[in-house]
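Engineer: Below is the file model_31.cif, with mmCIF, C-alpha atoms.
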data_target
loop_
_atom_site.label_atom_id
_atom_site.label_comp_id
_atom_site.auth_asym_id
_atom_site.auth_seq_id
_atom_site.Cartn_x
_atom_site.Cartn_y
_atom_site.Cartn_z
CA MET F 1 53.75 -0.59 -38.23
CA LEU F 2 54.50 2.81 -39.75
CA PHE F 3 54.10 1.29 -43.21
CA GLN F 4 50.61 0.01 -42.29
CA ILE F 5 49.59 3.42 -40.92
CA PHE F 6 50.85 5.06 -44.10
CA ASN F 7 48.82 2.58 -46.16
CA TYR F 8 45.67 3.25 -44.14
CA ILE F 9 46.11 7.01 -44.57
CA SER F 10 46.77 6.63 -48.30
CA ILE F 11 43.74 4.41 -48.78
CA SER F 12 41.55 6.82 -46.76
CA ILE F 13 42.68 9.82 -48.80
CA LEU F 14 42.13 7.90 -52.04
CA LEU F 15 38.67 6.84 -50.87
CA ILE F 16 37.70 10.39 -49.92
CA PHE F 17 38.78 11.79 -53.28
CA SER F 18 37.09 8.91 -55.12
CA ILE F 19 33.83 9.73 -53.35
CA GLY F 20 34.42 13.41 -54.12
CA ILE F 21 34.87 12.65 -57.80
CA LEU F 22 31.67 10.59 -57.81
CA ILE F 23 29.79 13.47 -56.17
CA ASP F 24 31.02 15.71 -59.01
CA VAL F 25 30.49 13.26 -61.87
CA ILE F 26 27.03 11.90 -61.04
CA PRO F 27 25.18 15.25 -61.45
CA MET F 28 27.02 15.87 -64.75
CA LEU F 29 26.06 12.42 -65.99
CA LYS F 30 22.43 12.93 -64.92
CA ASP F 31 22.31 16.24 -66.80
CA TRP F 32 23.78 14.68 -69.93
CA LEU F 33 21.32 11.80 -69.86
CA GLY F 34 18.41 14.09 -68.96
CA ARG F 35 19.03 16.30 -71.98
CA ILE F 36 18.69 13.46 -74.46
CA HIS F 37 15.48 14.12 -76.45
CA ILE F 38 14.99 17.49 -74.74
CA GLY F 39 12.38 19.85 -76.15
CA ARG F 40 10.21 17.37 -78.05
CA TYR F 41 6.89 18.54 -76.61
CA ASN F 42 4.39 19.85 -79.15
CA ASP F 43 1.13 19.34 -77.28
CA THR F 44 0.49 21.78 -74.41
CA SER F 45 -1.87 19.37 -72.61
CA LEU F 46 0.78 16.64 -72.50
CA TRP F 47 3.42 19.19 -71.53
CA ASN F 48 1.20 20.47 -68.72
CA ARG F 49 0.63 16.99 -67.29
CA THR F 50 4.31 16.17 -67.44
CA ILE F 51 5.66 19.34 -65.82
CA THR F 52 2.90 19.27 -63.17
CA ASN F 53 3.74 15.68 -62.31
CA ARG F 54 7.41 16.63 -61.96
CA ALA F 55 6.52 19.61 -59.73
CA SER F 56 4.41 17.32 -57.53
CA LYS F 57 7.37 14.97 -57.01
CA TRP F 58 9.71 17.86 -56.28
CA LEU F 59 7.41 19.35 -53.63
CA ILE F 60 8.24 16.46 -51.29
CA LYS F 61 11.88 16.20 -52.31
CA THR F 62 12.86 19.62 -53.62
CA PRO F 63 16.15 19.68 -55.55
CA THR F 64 18.84 21.68 -53.80
CA ILE F 65 19.90 24.90 -55.51
CA LYS F 66 23.61 25.33 -54.94
CA VAL F 67 24.99 28.44 -53.28
CA THR F 68 28.17 28.43 -55.36
CA ASP F 69 28.90 27.76 -59.02
CA ASN F 70 31.48 25.12 -58.19
CA THR F 71 31.24 21.92 -60.24
CA ARG F 72 34.48 20.39 -58.97
CA LEU F 73 35.20 19.06 -55.48
CA ILE F 74 31.64 19.84 -54.40
CA PHE F 75 32.13 17.77 -51.24
CA ILE F 76 34.40 20.53 -49.90
CA ASP F 77 31.49 22.99 -50.14
CA MET F 78 29.35 20.43 -48.33
CA ILE F 79 31.89 20.06 -45.53
CA LYS F 80 32.14 23.86 -45.22
CA ARG F 81 28.32 24.11 -45.18
CA ASN F 82 28.50 26.31 -48.23
CA TYR F 83 26.50 24.02 -50.53
CA LYS F 84 22.91 25.02 -49.81
CA ASN F 85 20.94 27.74 -48.02
CA ASP F 86 17.47 27.51 -46.47
CA ALA F 87 16.60 31.03 -47.65
CA ILE F 88 17.09 29.98 -51.28
CA GLN F 89 14.92 26.92 -50.75
CA TYR F 90 11.98 28.99 -49.43
CA TRP F 91 11.27 30.56 -52.79
CA GLN F 92 11.95 27.35 -54.67
CA GLU F 93 9.37 25.52 -52.55
CA ALA F 94 6.96 28.44 -52.69
CA ALA F 95 6.96 28.45 -56.49
CA LEU F 96 6.15 24.74 -56.59
CA LEU F 97 3.31 25.23 -54.13
CA LEU F 98 1.95 28.21 -56.08
CA GLY F 99 2.00 26.23 -59.30
CA LEU F 100 0.35 23.17 -57.81
CA SER F 101 -2.29 25.24 -56.01
CA GLN F 102 -3.19 26.78 -59.37
CA TYR F 103 -3.61 23.29 -60.77
CA MET F 104 -5.75 22.17 -57.81
CA LYS F 105 -8.18 25.06 -58.20
CA HIS F 106 -9.94 23.12 -60.96
CA ASP F 107 -8.52 19.60 -60.73
CA ARG F 108 -9.17 17.31 -57.78
CA ASP F 109 -6.14 15.12 -57.21
CA LYS F 110 -6.17 13.17 -53.96
CA LYS F 111 -2.56 12.04 -54.28
CA LEU F 112 -1.41 15.62 -54.86
CA GLU F 113 -3.46 16.84 -51.89
CA GLU F 114 -1.71 14.24 -49.74
CA SER F 115 1.67 15.49 -51.01
CA VAL F 116 0.74 19.07 -50.12
CA ASP F 117 -0.34 17.99 -46.63
CA LEU F 118 2.91 16.08 -46.19
CA PHE F 119 4.91 19.11 -47.31
CA LEU F 120 3.09 21.42 -44.91
CA LYS F 121 3.60 19.00 -42.02
CA SER F 122 7.32 19.19 -42.68
CA LYS F 123 7.21 22.98 -42.27
CA LEU F 124 4.45 23.62 -39.72
CA ASP F 125 3.52 22.15 -36.33
CA GLU F 126 0.09 21.07 -35.05
CA LYS F 127 -0.65 24.60 -33.85
CA GLY F 128 -0.08 26.00 -37.33
CA ASP F 129 3.22 27.69 -36.48
CA TRP F 130 6.62 27.28 -38.09
CA LYS F 131 8.59 24.30 -36.85
CA SER F 132 11.76 26.20 -37.62
CA LYS F 133 11.22 29.96 -37.43
CA PRO F 134 12.39 31.76 -40.60
CA LYS F 135 14.99 34.47 -40.14
CA TYR F 136 14.70 36.15 -43.52
CA VAL F 137 11.85 37.82 -45.41
CA ASP F 138 12.33 35.30 -48.25
CA ALA F 139 9.90 33.11 -46.30
CA ALA F 140 7.03 35.53 -47.01
CA ILE F 141 6.56 34.09 -50.49
CA LEU F 142 6.12 30.63 -48.95
CA SER F 143 3.52 32.08 -46.57
CA TYR F 144 1.78 33.60 -49.59
CA ALA F 145 1.79 30.20 -51.30
CA ILE F 146 0.17 28.63 -48.22
CA MET F 147 -2.53 31.31 -48.28
CA ASN F 148 -3.17 30.49 -51.95
CA LEU F 149 -4.20 26.91 -51.17
CA ASN F 150 -7.61 27.51 -49.59
CA GLU F 151 -9.35 29.05 -46.60
CA ALA F 152 -8.86 25.97 -44.42
CA TYR F 153 -5.07 26.14 -44.78
CA CYS F 154 -5.10 29.85 -43.91
CA SER F 155 -7.11 29.35 -40.73
CA LYS F 156 -5.16 26.32 -39.62
CA ASN F 157 -1.77 27.99 -40.10
CA LYS F 158 -2.54 31.54 -39.01
CA GLN F 159 0.20 31.52 -36.36
CA ALA F 160 2.79 31.03 -39.10
CA LEU F 161 1.23 33.83 -41.17
CA ASP F 162 1.20 36.16 -38.14
CA TYR F 163 4.85 35.35 -37.50
CA THR F 164 5.68 36.22 -41.12
CA TRP F 165 4.05 39.63 -40.75
CA LYS F 166 6.01 40.15 -37.52
CA LEU F 167 9.22 39.14 -39.31
CA ILE F 168 8.58 41.65 -42.09
CA LYS F 169 7.83 44.43 -39.58
CA ASP F 170 11.10 43.61 -37.86
CA HIS F 171 12.89 44.30 -41.17
CA ILE F 172 11.42 47.75 -41.82
CA GLY F 173 14.23 50.29 -42.23
CA GLU F 174 14.52 53.98 -41.40
CA ASP F 175 12.92 54.98 -44.71
CA GLY F 176 9.84 52.89 -43.99
CA THR F 177 10.59 50.15 -46.53
CA VAL F 178 11.65 46.56 -45.93
CA LEU F 179 15.26 45.37 -45.79
CA TYR F 180 16.46 42.31 -47.63
CA ARG F 181 18.93 41.57 -44.83
CA LYS F 182 19.56 43.35 -41.53
CA SER F 183 23.28 43.24 -42.28
CA MET F 184 22.62 45.65 -45.20
CA PRO F 185 20.24 48.25 -43.71
CA TYR F 186 20.73 50.84 -46.46
CA THR F 187 20.32 48.56 -49.48
CA ARG F 188 16.98 47.71 -51.06
CA TYR F 189 16.88 44.64 -53.30
CA VAL F 190 14.42 44.04 -56.13
CA ASP F 191 14.00 40.45 -54.87
CA THR F 192 12.15 41.78 -51.84
CA ILE F 193 9.29 43.05 -54.03
CA GLY F 194 8.51 39.49 -55.08
CA PHE F 195 9.12 38.02 -51.64
CA ILE F 196 6.85 40.26 -49.56
CA CYS F 197 4.37 42.35 -51.55
CA PRO F 198 1.86 39.66 -52.59
CA PHE F 199 1.81 38.28 -49.05
CA LEU F 200 1.38 41.72 -47.49
CA VAL F 201 -1.58 42.59 -49.69
CA ARG F 202 -3.33 39.24 -49.27
CA TYR F 203 -2.72 39.18 -45.52
CA GLY F 204 -3.76 42.83 -45.19
CA VAL F 205 -7.00 42.36 -47.13
CA LYS F 206 -7.93 39.12 -45.36
CA TYR F 207 -7.25 40.31 -41.82
CA ASN F 208 -8.13 43.98 -42.38
CA LYS F 209 -4.61 45.26 -41.70
CA LEU F 210 -4.35 48.40 -43.80
CA GLU F 211 -0.73 48.96 -42.77
CA CYS F 212 0.26 45.78 -44.63
CA ILE F 213 -1.23 47.04 -47.89
CA GLU F 214 0.33 50.46 -47.41
CA LEU F 215 3.74 48.89 -46.82
CA ALA F 216 3.50 46.74 -49.97
CA VAL F 217 2.53 49.69 -52.15
CA LYS F 218 5.24 51.85 -50.60
CA GLN F 219 7.85 49.17 -51.35
CA ILE F 220 6.78 49.17 -55.00
CA GLN F 221 6.53 52.97 -55.24
CA HIS F 222 10.01 53.51 -53.82
CA TYR F 223 11.47 51.00 -56.24
CA GLU F 224 9.76 52.73 -59.14
CA LYS F 225 11.19 56.03 -57.96
CA TYR F 226 14.76 55.03 -57.14
CA GLY F 227 15.41 51.63 -58.77
CA MET F 228 14.32 52.11 -62.39
CA LEU F 229 16.27 52.92 -65.51
CA ILE F 230 15.46 56.45 -66.69
CA ASN F 231 13.03 56.47 -69.66
CA GLN F 232 12.69 52.68 -69.47
CA VAL F 233 10.78 50.60 -66.91
CA ILE F 234 13.60 48.17 -66.17
CA PRO F 235 14.67 47.69 -62.53
CA CYS F 236 18.23 47.47 -61.29
CA HIS F 237 19.32 44.77 -58.85
CA ALA F 238 19.27 47.11 -55.85
CA TYR F 239 19.66 50.73 -54.77
CA ASP F 240 21.11 52.65 -51.82
CA VAL F 241 18.43 54.36 -49.72
CA ASN F 242 20.73 57.21 -48.68
CA THR F 243 22.28 58.17 -52.01
CA HIS F 244 19.65 56.58 -54.30
CA VAL F 245 22.55 55.25 -56.34
CA PRO F 246 21.62 52.13 -58.38
CA LEU F 247 23.53 48.96 -57.51
CA GLY F 248 24.18 46.00 -59.79
CA LEU F 249 22.81 45.38 -63.23
CA TYR F 250 19.80 47.03 -64.83
CA GLY F 251 17.80 44.26 -66.46
CA TRP F 252 19.09 41.25 -64.55
CA GLY F 253 16.47 38.79 -65.77
CA ARG F 254 15.32 37.19 -62.54
CA GLY F 255 15.44 40.57 -60.82
CA VAL F 256 12.99 41.89 -63.43
CA ALA F 257 10.94 38.76 -62.77
CA TRP F 258 10.91 39.36 -59.00
CA TYR F 259 9.61 42.87 -59.56
CA ALA F 260 7.05 41.66 -62.11
CA ILE F 261 5.53 38.86 -60.03
CA GLY F 262 5.51 41.00 -56.91
CA LEU F 263 3.68 43.75 -58.78
CA ILE F 264 1.14 41.53 -60.56
CA ASP F 265 0.26 39.36 -57.58
CA ALA F 266 -0.11 42.40 -55.34
CA TYR F 267 -2.43 43.90 -57.96
CA ASN F 268 -4.47 40.70 -58.21
CA GLU F 269 -4.92 40.54 -54.44
CA LEU F 270 -6.40 44.04 -54.22
CA PRO F 271 -10.20 44.40 -54.41
CA ASP F 272 -11.35 46.02 -57.67
CA GLU F 273 -12.56 49.16 -55.90
CA HIS F 274 -9.33 49.69 -53.92
CA ILE F 275 -7.66 53.10 -54.15
CA TYR F 276 -4.33 51.61 -55.34
CA LYS F 277 -5.79 49.36 -58.06
CA LYS F 278 -5.57 51.88 -60.92
CA GLN F 279 -2.14 53.05 -59.84
CA LEU F 280 -0.71 49.53 -59.93
CA ALA F 281 -2.45 48.90 -63.26
CA GLU F 282 -0.50 51.78 -64.78
CA SER F 283 2.74 50.34 -63.43
CA ILE F 284 1.84 46.96 -64.92
CA LYS F 285 1.18 48.43 -68.37
CA LYS F 286 4.51 50.25 -68.43
CA LEU F 287 6.45 47.18 -67.30
CA ALA F 288 4.66 44.86 -69.75
CA LEU F 289 5.46 47.03 -72.75
CA SER F 290 9.10 47.29 -71.66
CA ILE F 291 9.73 43.58 -71.19
CA ILE F 292 7.91 42.60 -74.41
CA GLU F 293 10.37 44.83 -76.26
CA PHE F 294 13.24 42.68 -74.97
CA GLN F 295 11.73 39.25 -75.68
CA CYS F 296 13.83 37.14 -78.03
CA GLU F 297 12.46 35.74 -81.29
CA ASN F 298 12.25 32.22 -79.82
CA GLY F 299 10.01 33.48 -76.99
CA GLY F 300 12.54 33.49 -74.17
CA TRP F 301 14.30 36.22 -72.24
CA THR F 302 18.01 36.22 -71.54
CA TRP F 303 19.50 36.40 -68.05
CA SER F 304 20.39 40.03 -68.85
CA ILE F 305 17.24 40.98 -70.72
CA THR F 306 18.55 44.15 -72.35
CA ARG F 307 21.24 42.09 -74.13
CA LYS F 308 19.70 39.47 -76.38
CA GLU F 309 23.12 37.98 -77.13
CA THR F 310 23.46 36.70 -73.54
CA ARG F 311 22.30 33.26 -72.51
CA LEU F 312 18.56 32.52 -72.33
CA ASP F 313 17.13 31.97 -68.86
CA SER F 314 14.11 29.75 -68.26
CA SER F 315 13.45 31.16 -64.77
CA THR F 316 13.07 34.67 -66.16
CA THR F 317 10.89 33.39 -68.99
CA ALA F 318 8.51 31.38 -66.77
CA ALA F 319 8.01 34.21 -64.28
CA LEU F 320 7.55 36.89 -66.95
CA GLY F 321 5.10 34.58 -68.71
CA TRP F 322 3.04 34.50 -65.51
CA PHE F 323 3.20 38.27 -65.30
CA LEU F 324 2.07 38.73 -68.90
CA ILE F 325 -0.87 36.33 -68.85
CA ASN F 326 -2.20 38.28 -65.87
CA ALA F 327 -1.32 41.65 -67.40
CA ALA F 328 -3.40 40.62 -70.42
CA MET F 329 -6.49 41.25 -68.29
CA ILE F 330 -5.80 44.97 -68.77
CA GLU F 331 -7.57 45.79 -72.02
CA ASP F 332 -5.04 48.30 -73.39
CA ILE F 333 -2.27 45.71 -73.58
CA ASN F 334 -4.28 42.49 -73.98
CA LYS F 335 -3.15 41.53 -77.49
CA GLN F 336 0.57 42.18 -76.99
CA CYS F 337 0.64 40.31 -73.67
CA LEU F 338 -1.17 37.25 -74.98
CA GLU F 339 1.15 36.96 -77.98
CA ALA F 340 4.27 37.34 -75.83
CA CYS F 341 2.96 34.79 -73.35
CA LYS F 342 2.24 32.28 -76.12
CA ASN F 343 5.81 32.68 -77.36
CA ALA F 344 7.19 32.23 -73.83
CA ILE F 345 5.38 28.91 -73.47
CA SER F 346 6.74 27.81 -76.85
CA TYR F 347 10.27 28.48 -75.59
CA LEU F 348 9.70 26.67 -72.28
CA MET F 349 8.42 23.59 -74.11
CA LYS F 350 11.61 23.53 -76.17
CA VAL F 351 13.80 23.38 -73.04
CA THR F 352 11.77 20.76 -71.17
CA ARG F 353 13.47 17.43 -70.57
CA LYS F 354 11.72 14.16 -71.32
CA ASP F 355 10.97 13.66 -67.60
CA GLY F 356 9.19 17.04 -67.40
CA SER F 357 12.03 19.03 -65.81
CA ILE F 358 12.43 22.47 -67.36
CA ASP F 359 16.11 23.10 -68.02
CA PHE F 360 18.49 26.04 -68.40
CA SER F 361 17.54 28.29 -65.46
CA GLN F 362 20.20 30.57 -64.06
CA GLY F 363 21.68 29.51 -60.73
CA ASP F 364 21.57 31.49 -57.51
CA THR F 365 23.06 34.99 -57.53
CA LYS F 366 26.18 35.36 -55.41
CA ASP F 367 26.07 39.10 -54.69
CA ILE F 368 24.94 42.37 -56.22
CA GLY F 369 26.44 42.33 -59.69
CA VAL F 370 27.79 38.79 -59.32
CA TYR F 371 25.55 36.47 -61.33
CA SER F 372 25.65 32.72 -61.76
CA GLN F 373 26.77 31.24 -65.06
CA LEU F 374 25.33 27.83 -64.30
CA PHE F 375 22.05 27.01 -66.07
CA ASN F 376 20.16 23.94 -64.97
CA ILE F 377 16.86 22.75 -63.51
CA SER F 378 15.07 24.98 -60.98
CA PRO F 379 11.97 24.31 -58.84
CA PHE F 380 11.20 28.03 -59.10
CA THR F 381 10.98 27.78 -62.89
CA GLN F 382 9.00 24.55 -62.69
CA GLY F 383 6.47 26.07 -60.32
CA TYR F 384 5.90 29.21 -62.36
CA ALA F 385 5.55 27.27 -65.59
CA VAL F 386 2.91 25.07 -63.93
CA ARG F 387 1.18 28.15 -62.55
CA LEU F 388 1.24 29.80 -65.97
CA ILE F 389 -0.03 26.94 -68.13
CA ASN F 390 -2.79 25.97 -65.69
CA LEU F 391 -4.12 29.51 -65.51
CA ILE F 392 -4.25 29.58 -69.31
CA ARG F 393 -5.95 26.19 -69.45
CA GLN F 394 -8.53 27.18 -66.84
CA SER F 395 -9.27 30.52 -68.50
CA GLU F 396 -9.83 28.79 -71.84
CA GLY F 397 -12.35 26.39 -70.61
#
Before anything else, please render the file you have as structure tokens.

Structural biologist:
Amino acid sequence: MLFQIFNYISISILLIFSIGILIDVIPMLKDWLGRIHIGRYNDTSLWNRTITNRASKWLIKTPTIKVTDNTRLIFIDMIKRNYKNDAIQYWQEAALLLGLSQYMKHDRDKKLEESVDLFLKSKLDEKGDWKSKPKYVDAAILSYAIMNLNEAYCSKNKQALDYTWKLIKDHIGEDGTVLYRKSMPYTRYVDTIGFICPFLVRYGVKYNKLECIELAVKQIQHYEKYGMLINQVIPCHAYDVNTHVPLGLYGWGRGVAWYAIGLIDAYNELPDEHIYKKQLAESIKKLALSIIEFQCENGGWTWSITRKETRLDSSTTAALGWFLINAAMIEDINKQCLEACKNAISYLMKVTRKDGSIDFSQGDTKDIGVYSQLFNISPFTQGYAVRLINLIRQSEG
């Protein structure tokens, strides 16, 4: 009897570890197979169709971005509920929706419209409110993506948008700027610029809420004042609101990207005659010239953009490409921005898998100063590449 029990236990343990090994090995095998014939796109039209098709598929079944860098015994992270995080998924999904909405501005695609409707039904109820109320301001970028679809989506889902504004207000700190997390009331993250500022400006303009616009501009102004490298427009990861001491790395690639897309989309959402338009334009020019200086010869940016010897990051490259194609509208920097953007697309094409997945994006950051060393596919990168190439295509004709 004891021998049988021992056998059952042994077999169960062996089975669990066999499943665990499979969970580890299958993603590695998929990556290896997926990278066969990577980077063979030469035609931008074909590349656009392929990456857009991949983004459309991912909108319904968005790949999970891991919380940790573990590649062994992943099932233990799953059991501990330390494998994925809803807050990370918000900005992954938002990027896909932003990219696809850019595509749909000039291309009618019934199947894609059905996918968007299906995605929104998974997030929002019949009253247009969140099915599961977000707890973090990360969700603001998803709200912004919903507003980018069209007027009908805005009206239908206004309860969710109103809740997002309420959530942001609930995160305003003593200095009048928005917290990344309530557990860190005296730390301001660069991520928050990208998460909230475009939404605040669009929501404020649409619903005539001047305080939203003021808050977005204040968030940007404070970061320019306290979170920038002296004599160089390169943001640090975060700063302390009491001491104004910088925290983390200056030039963390995706952090620069968060600042860049927050700045450019906030600028785009402002009416041309708005009092803050010229001020933000000056900020855009300074940032554009700084980041172009750090672009690598192959068109990409590294995960630590001030060090070209570090590993290239597709997520940084896609987002900065979006920033630059929009910054090119400012006449003083038009030529430099267009050239840098063209080079960024060339790099992204070289790291696109045969199935349209853009590879080699840095994984999720673990803490201030603790950066992932995993580089793989990312819905965020996919969405911004789609957004970028479709804006270029539409502007050309």

Engineer: Which residues of range 168-199 of chain F come within 6 Å of range 238-256 of chain F, and for each one, what is the closest pair of atoms and their distance in Å to one decimal, counting all atoms listed in the file, sorted by chain and residue number, as a Markdown table?

Structural biologist:
| residue | atom | partner | partner_atom | distance |
| --- | --- | --- | --- | --- |
| F:Tyr186 | CA | F:Val241 | CA | 5.3 |
| F:Thr187 | CA | F:Asp240 | CA | 4.8 |
| F:Arg188 | CA | F:Ala238 | CA | 5.3 |
| F:Tyr189 | CA | F:Ala238 | CA | 4.3 |
| F:Val190 | CA | F:Ala238 | CA | 5.7 |

Engineer: List the residues selected by the PyMOL selection byres ((chain F and resi 282) around 12) in the file shown, writing them as number ranges by chain.

Structural biologist: F: 221, 224, 233, 263-264, 267, 276-281, 283-289, 327, 330-333

Engineer: Would you kindly translate the PyMOL selection byres ((chain F and resi 93-100) around 7) into the concrete residues it picks from this file, as a PDB file with C-alpha atoms, keeping the file's coordinate frame?

Structural biologist:
ATOM      1  CA  ALA F  55       6.520  19.610 -59.730  1.00  0.00           C
ATOM      2  CA  LEU F  59       7.410  19.350 -53.630  1.00  0.00           C
ATOM      3  CA  THR F  62      12.860  19.620 -53.620  1.00  0.00           C
ATOM      4  CA  GLN F  89      14.920  26.920 -50.750  1.00  0.00           C
ATOM      5  CA  TYR F  90      11.980  28.990 -49.430  1.00  0.00           C
ATOM      6  CA  TRP F  91      11.270  30.560 -52.790  1.00  0.00           C
ATOM      7  CA  GLN F  92      11.950  27.350 -54.670  1.00  0.00           C
ATOM      8  CA  SER F 101      -2.290  25.240 -56.010  1.00  0.00           C
ATOM      9  CA  GLN F 102      -3.190  26.780 -59.370  1.00  0.00           C
ATOM     10  CA  TYR F 103      -3.610  23.290 -60.770  1.00  0.00           C
ATOM     11  CA  MET F 104      -5.750  22.170 -57.810  1.00  0.00           C
ATOM     12  CA  ILE F 141       6.560  34.090 -50.490  1.00  0.00           C
ATOM     13  CA  LEU F 142       6.120  30.630 -48.950  1.00  0.00           C
ATOM     14  CA  ALA F 145       1.790  30.200 -51.300  1.00  0.00           C
ATOM     15  CA  ASN F 148      -3.170  30.490 -51.950  1.00  0.00           C
ATOM     16  CA  PRO F 379      11.970  24.310 -58.840  1.00  0.00           C
ATOM     17  CA  PHE F 380      11.200  28.030 -59.100  1.00  0.00           C
ATOM     18  CA  GLN F 382       9.000  24.550 -62.690  1.00  0.00           C
ATOM     19  CA  GLY F 383       6.470  26.070 -60.320  1.00  0.00           C
ATOM     20  CA  TYR F 384       5.900  29.210 -62.360  1.00  0.00           C
ATOM     21  CA  VAL F 386       2.910  25.070 -63.930  1.00  0.00           C
ATOM     22  CA  ARG F 387       1.180  28.150 -62.550  1.00  0.00           C
TER      23      ARG F 387
END

Engineer: Any idea what's packed within 10 Å of Lys169 in chain F, counting all atoms listed in the file, ignoring anything in its chain fewer than 3 positions away? Could you give it as a PDB file with C-alpha atoms, keeping the file's coordinate frame?

Structural biologist:
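What follows is the written file part.pdb:
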ATOM      1  CA  VAL F 137      11.850  37.820 -45.410  1.00  0.00           C
ATOM      2  CA  TYR F 163       4.850  35.350 -37.500  1.00  0.00           C
ATOM      3  CA  THR F 164       5.680  36.220 -41.120  1.00  0.00           C
ATOM      4  CA  TRP F 165       4.050  39.630 -40.750  1.00  0.00           C
ATOM      5  CA  LYS F 166       6.010  40.150 -37.520  1.00  0.00           C
ATOM      6  CA  ILE F 172      11.420  47.750 -41.820  1.00  0.00           C
ATOM      7  CA  GLY F 173      14.230  50.290 -42.230  1.00  0.00           C
ATOM      8  CA  GLY F 176       9.840  52.890 -43.990  1.00  0.00           C
ATOM      9  CA  THR F 177      10.590  50.150 -46.530  1.00  0.00           C
ATOM     10  CA  VAL F 178      11.650  46.560 -45.930  1.00  0.00           C
ATOM     11  CA  LEU F 179      15.260  45.370 -45.790  1.00  0.00           C
ATOM     12  CA  CYS F 212       0.260  45.780 -44.630  1.00  0.00           C
ATOM     13  CA  LEU F 215       3.740  48.890 -46.820  1.00  0.00           C
TER      14      LEU F 215
END

Engineer: Determine the nearest neighbour of Ile305 in chain F from the options F:Ala140, F:Ile325, F:Leu338, F:Ile234, counting all atoms listed in the file.

Structural biologist: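 Distance minimum relative to Ile305 in chain F lands on F:Ile234.
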
Engineer: Quick check, in Å to one decimal: how far apart do CA of Leu270 in chain F and CA of Lys182 in chain F lie?

Structural biologist: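 Computed distance, CA of Leu270 in chain F to CA of Lys182 in chain F, equals 28.9 Å.
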
Engineer: Report, in Å with one decimal, the straight-line distance from CA of Gly300 in chain F to CA of Ser314 in chain F.

Structural biologist: 7.2 Å

Engineer: Which residue gives the smallest distance to Asn390 in chain F among F:His37, F:Lys105, F:Lys206, F:Arg54, with all atoms listed in the file counted?

Structural biologist: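 Closest candidate: F:Lys105.
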
Engineer: Find the residues with any atom within 12 Å of (1.7, 17.4, -43.7); use all atoms listed in the file and the coordinates as given in the file, and write the answer as a PyMOL selection string.

Structural biologist: chain F and resi 59-60+112-126+128+131+153+156-157

Engineer: Quick one: everything within 8 Å of Ser372 in chain F, counting only C-alpha atoms, minus sequence neighbours fewer than 4 positions away in the same chain. Send it as a list in words.

Structural biologist: Asp69, Gln362, Gly363, Asp364, Thr365 and Lys366 of chain F

Engineer: What's the separation between CA of Ile292 in chain F and CA of Trp47 in chain F, in Å to one decimal place?

Structural biologist: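 We find that CA of Ile292 in chain F and CA of Trp47 in chain F lie 24.0 Å from each other.
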
Engineer: How would you write, as a VMD selection string, the residues chosen by the PyMOL selection byres ((chain F and resi 44) around 10) on this structure?

Structural biologist: chain F and resid 41 to 43 45 to 50 345 to 346 349 389 393

Engineer: Can you tell me which residues surround Gly321 in chain F at a distance of at most 8 Å, considering all atoms listed in the file, apart from same-chain residues fewer than 6 positions away, and format the answer as a ChimeraX atom specification?

Structural biologist: /F:340-341,344-345,385,388

Engineer: Looking at only C-alpha atoms, which of F:Cys296, F:Asp191, F:Arg353, F:Ile51 is the one that sits closest to Gly227 in chain F?

Structural biologist: F:Asp191

Engineer: Write out as an MDAnalysis selection string the residues lying within 9 Å of Glu214 in chain F, counting all atoms listed in the file and excluding same-chain residues fewer than 3 positions away.

Structural biologist: chainID F and resid 200:201 204 210:211 217:219

Engineer: Find the spatial neighbours of Lys158 in chain F, counting all atoms listed in the file, within a cut-off of 8 Å - ignore same-chain residues fewer than 3 positions away - and output them as a PDB file with C-alpha atoms, in the frame of the given file.

Structural biologist:
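Produced file result_33.pdb, reproduced below:
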ATOM      1  CA  GLY F 128      -0.080  26.000 -37.330  1.00  0.00           C
ATOM      2  CA  ASP F 129       3.220  27.690 -36.480  1.00  0.00           C
ATOM      3  CA  CYS F 154      -5.100  29.850 -43.910  1.00  0.00           C
ATOM      4  CA  SER F 155      -7.110  29.350 -40.730  1.00  0.00           C
ATOM      5  CA  LEU F 161       1.230  33.830 -41.170  1.00  0.00           C
ATOM      6  CA  ASP F 162       1.200  36.160 -38.140  1.00  0.00           C
TER       7      ASP F 162
END
